[in-house]
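Engineer: This structure is in structure tokens; I'll ask about it shortly.
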Amino acid sequence: MKHKILLNGVGRIGKAILKQLLDDENFEVVAINEINPYIKNIVYSINHDSTYGNLEDKFKVKDENFIKNSQNKIQILNYKNINEIDLKDIDFIIDASGVKHDIKILEKLDVKAIFLTHANQNANINIILGVNEKELNTNIHKVISTSSCNATALLPALKIIDDKKHIICGDIAAIHPLLNHQRVLDGNFVGSATRDVDYNFEFGRSATQNIIPNNTTTIKACSYVMPSINHDLISSNSLRVPTDTVGAINVCLFTQKDSYKEEIIKIFEEYEENQNYPIVLNNTEPLVSSDFKKEKFTTIIDHRYTDVKNKKMIKLLVWYDNEWGYASKTIEILKYYTHKKRAS
Ligand SMILES: NC(=O)c1ccc[n+]([C@@H]2O[C@H](COP(=O)([O-])OP(=O)(O)OC[C@H]3O[C@@H](n4cnc5c(N)ncnc54)[C@H](O)[C@@H]3O)[C@@H](O)[C@H]2O)c1
């Protein structure tokens with residue numbers, strides 16, 4: 001029997017998760033809850049995607065509230081609040097709506113676990129593979145955040161360096177593709193529960209015409225997973241750029257111990273050879289952002305730019321697909337949960 005999943009929100013991340021689970025042996029999305037009330041539009045946006053292309057096995061609307069292709073039948077629900085949904089046949093919820101839920105309400109839902117696709121300090125645990133997955137306790141952790149795309153890409157690299165060299169301080173700049181909450185052309189600022197109003201003014205500016213500087217919650221998200229990596233240690237900003245997917249993070253770290261460029265490259269090469277999950281990928285080819293589209297490795301270290309100055313300053317460039325790659329990590333964490341539950 002496959003584990004049954006309710007997907008809450010089928011936007012950019014929800015669709016990437018859905019598509020990666022369509023032919024999974026152990027998990028099936030049996031229901032989607034969306035505030036979009038137009039089932040035909042939901043089907044259309046699953047079938048056709050400007051970033052990842054058309055779905056081969058297309059869905060059609062079936063029996064009013066269901067969508068169906070040759071292998072999958074999914075119920076479409078239209079509730080504003082997740083706690084109004086009848087969950088009797090659901091094992092897990094993946095929440096990709098971006099809604100800031102009351103965690104106490106989520107804890108009471110009649111499912112085994114709820115996975116949030118955003119960093120959340122109030123979740124029972126925030127998990128990034130390669131950093132803290134061993135801390136997952138399936139007996140006590142029910143509301144599980146799979147952190148943010150940037151933190152998922154960055155923190156494994158920071159941990160690798162910190163374990164060997166001890167980070168004293170540093171700075172990161174996240175070069176991030178545009179997102180659905182931005183404006184196509186200049187308009188009113190876009191509200192956000194996580195950013196001060198002043199910082200949102202820039203998000204009212206045209207996403208296609210600008211490089212938009214902004215605060216980033218990347219380091220805060222890292223601190224929920226690994227408290228020693230925080231804003232006292234590392235400064236940060238983001239630059240939103242007019243590309244569809246694939247981000248890059250420019251990283252500069254000062255360390256207690258001395259390093260050499262070749263040594264840093266070797267540390268990452270050894271990690272890639274010995275890892276349990278697709279996390280670190282080392283690149284030396286002359287690639288550009290779109291070459292990393294659909295890549296499941298989410299900490300891609302571009303050694304064309306790896307460098308060490310005065311033995312104390314390490315520079316890294318990290319690539320990641322913020323949609324497909326991140327979504328694949330949410331699924332890996334869900335799978336890790338079920339393996340751990342079975343073993344306990
Ligand atoms: N896009 C990225 O690069 C990225 C990467 C990692 C994590 N995230 C996080 O994933 C979440 C979703 O981001 P996204 O980019 O997919 O956004 P999106 O706007 O593309 O999708 C959100 C979807 O949720 C639906 N929705 C909104 N409120 C809802 C509700 N109350 N109930 C059910 N559905 C609802 C919307 O209609 C929309 O289809 C956010 O928390 C975001 O921070 C996004």
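Each chain in the structure tokens gets a letter, A, B, ..., in the order shown, and its residues are numbered from 1; ligands are numbered from 1 in order too.
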Using only C-alpha atoms and all ligand atoms, find each residue with an atom at most 7 Å away from ligand 1 and format the answer as an MDAnalysis selection string.

Structural biologist: chainID A and resid 8:14 33:36 79:82 96:99 117:118 148:149 179:181 322:323 326

Engineer: Go ahead and write the selection's residues with C-alpha atoms as a PDB file, in the first residue's frame.

Structural biologist:
ATOM      1  CA  ASN A   8      -1.870  21.782   0.213  1.00  0.00           C
ATOM      2  CA  GLY A   9      -1.169  24.409  -2.467  1.00  0.00           C
ATOM      3  CA  VAL A  10      -0.152  23.521  -6.002  1.00  0.00           C
ATOM      4  CA  GLY A  11       1.924  26.524  -7.070  1.00  0.00           C
ATOM      5  CA  ARG A  12       5.596  26.424  -8.113  1.00  0.00           C
ATOM      6  CA  ILE A  13       6.796  24.111  -5.336  1.00  0.00           C
ATOM      7  CA  GLY A  14       3.561  22.102  -5.098  1.00  0.00           C
ATOM      8  CA  ASN A  33      -6.263  21.427  -1.627  1.00  0.00           C
ATOM      9  CA  GLU A  34      -6.102  24.774  -3.438  1.00  0.00           C
ATOM     10  CA  ILE A  35      -7.658  28.175  -2.863  1.00  0.00           C
ATOM     11  CA  ASN A  36      -7.794  28.479  -6.660  1.00  0.00           C
ATOM     12  CA  TYR A  79     -10.767  24.816   1.575  1.00  0.00           C
ATOM     13  CA  LYS A  80      -9.180  27.986   2.927  1.00  0.00           C
ATOM     14  CA  ASN A  81      -8.260  26.325   6.216  1.00  0.00           C
ATOM     15  CA  ILE A  82      -6.435  23.024   6.340  1.00  0.00           C
ATOM     16  CA  ALA A  96       3.347  24.109  -0.195  1.00  0.00           C
ATOM     17  CA  SER A  97       0.848  26.960   0.172  1.00  0.00           C
ATOM     18  CA  GLY A  98       3.214  29.352   1.939  1.00  0.00           C
ATOM     19  CA  VAL A  99       0.469  30.007   4.522  1.00  0.00           C
ATOM     20  CA  THR A 117       8.002  23.802   2.483  1.00  0.00           C
ATOM     21  CA  HIS A 118       9.232  26.914   4.266  1.00  0.00           C
ATOM     22  CA  SER A 148      14.068  27.087   2.538  1.00  0.00           C
ATOM     23  CA  CYS A 149      15.666  26.512  -0.856  1.00  0.00           C
ATOM     24  CA  LEU A 179       9.038  34.475  -7.467  1.00  0.00           C
ATOM     25  CA  ASN A 180       5.254  34.534  -7.812  1.00  0.00           C
ATOM     26  CA  HIS A 181       4.776  37.184  -5.107  1.00  0.00           C
ATOM     27  CA  ASN A 322      15.276  26.428  -6.096  1.00  0.00           C
ATOM     28  CA  GLU A 323      12.108  24.700  -7.339  1.00  0.00           C
ATOM     29  CA  TYR A 326      14.331  21.898  -3.371  1.00  0.00           C
TER      30      TYR A 326
END

Engineer: Please identify all polymer residues within 12 Å of A:Ala157, counting only C-alpha atoms, omitting same-chain residues fewer than 6 positions from it, and present them as number ranges by chain.

Structural biologist: A: 128-131, 150-151, 163-165, 167, 222, 229, 249-253, 264-265, 267-269, 271-272, 279-282, 298-302, 314-319

Engineer: Can you tell me which residues surround A:Thr138 at a distance of at most 10 Å, considering only C-alpha atoms, apart from same-chain residues fewer than 6 positions away, and format the answer as a VMD selection string?

Structural biologist: chain A and resid 112 to 113 144 337 to 342 344

Engineer: Can you spit out the residues from that selection as an mmCIF file, in the first residue's frame, using C-alpha atoms?

Structural biologist:
data_model
loop_
_atom_site.group_PDB
_atom_site.id
_atom_site.type_symbol
_atom_site.label_atom_id
_atom_site.label_comp_id
_atom_site.auth_asym_id
_atom_site.auth_seq_id
_atom_site.Cartn_x
_atom_site.Cartn_y
_atom_site.Cartn_z
ATOM 1 C CA LYS A 112 1.192 11.030 10.789
ATOM 2 C CA ALA A 113 3.152 14.168 9.881
ATOM 3 C CA ILE A 144 8.365 19.209 10.092
ATOM 4 C CA TYR A 337 10.750 9.957 7.903
ATOM 5 C CA THR A 338 9.007 6.750 6.782
ATOM 6 C CA HIS A 339 12.262 4.716 6.867
ATOM 7 C CA LYS A 340 13.022 5.980 10.347
ATOM 8 C CA LYS A 341 9.458 5.325 11.539
ATOM 9 C CA ARG A 342 9.621 1.755 10.227
ATOM 10 C CA SER A 344 11.797 2.600 15.316
#

Engineer: Give the strand (DSSP E) residues of stretch 11-209 of chain A, as assigned by DSSP on the backbone, as a PyMOL selection string.

Structural biologist: chain A and resi 27-33+60-62+66-68+73-77+92-95+113-116+125-126+143-145+167-177

Engineer: Just checking: using only C-alpha atoms, which residue out of A:Lys159, A:His303, A:His3, A:Lys108 ends up closest to A:Val143?

Structural biologist: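 The closest residue to A:Val143 is A:Lys108.
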
Engineer: Using only C-alpha atoms, pick whichever of A:Asp186, A:Tyr336, A:Pro177, A:Lys257 has the shortest atom-to-atom distance to A:Leu239.

Structural biologist: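 Comparing A:Asp186, A:Tyr336, A:Pro177, A:Lys257 against A:Leu239, the winner is A:Pro177.
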
Engineer: Given the choices A:Met313, A:Ile212, A:Leu7, A:Ile105, which gets closest to A:Ile168 if the distance is worked out from only C-alpha atoms?

Structural biologist: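 Distance minimum relative to A:Ile168 lands on A:Met313.
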
Engineer: Near A:Glu56, counting only C-alpha atoms, which residues have an atom at most 9 Å away, once you skip same-chain residues fewer than 2 positions from it, shown as a list in words?

Structural biologist: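 Returned residues: Asn47, Asn54 and Lys58 of chain A.
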
Engineer: Please save N, CA and C atoms of the selected residues as an mmCIF file, in the first residue's frame.

Structural biologist:
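The new file again.cif reads:
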data_model
loop_
_atom_site.group_PDB
_atom_site.id
_atom_site.type_symbol
_atom_site.label_atom_id
_atom_site.label_comp_id
_atom_site.auth_asym_id
_atom_site.auth_seq_id
_atom_site.Cartn_x
_atom_site.Cartn_y
_atom_site.Cartn_z
ATOM 1 N N ASN A 47 -0.529 20.579 -16.363
ATOM 2 C CA ASN A 47 -0.171 20.020 -17.680
ATOM 3 C C ASN A 47 0.869 20.851 -18.430
ATOM 4 N N ASN A 54 5.826 20.656 -20.851
ATOM 5 C CA ASN A 54 4.510 20.022 -20.777
ATOM 6 C C ASN A 54 4.590 18.632 -20.148
ATOM 7 N N LYS A 58 -1.026 13.697 -19.622
ATOM 8 C CA LYS A 58 -1.772 14.879 -19.160
ATOM 9 C C LYS A 58 -3.000 14.514 -18.313
#

Engineer: Check stretch 85-197 of chain A with DSSP on the backbone and list each residue it calls alpha helix (DSSP H), as a list in words.

Structural biologist: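 Result set for stretch 85-197 of chain A (alpha helix (DSSP H)): Ile103, Lys104, Ile105, Leu106, Glu107, Lys108, Cys149, Asn150, Ala151, Thr152, Ala153, Leu154, Leu155, Pro156, Ala157, Leu158, Lys159, Ile160, Ile161, Asp162, Asp163, Lys164, Lys165 and Val197 of chain A.
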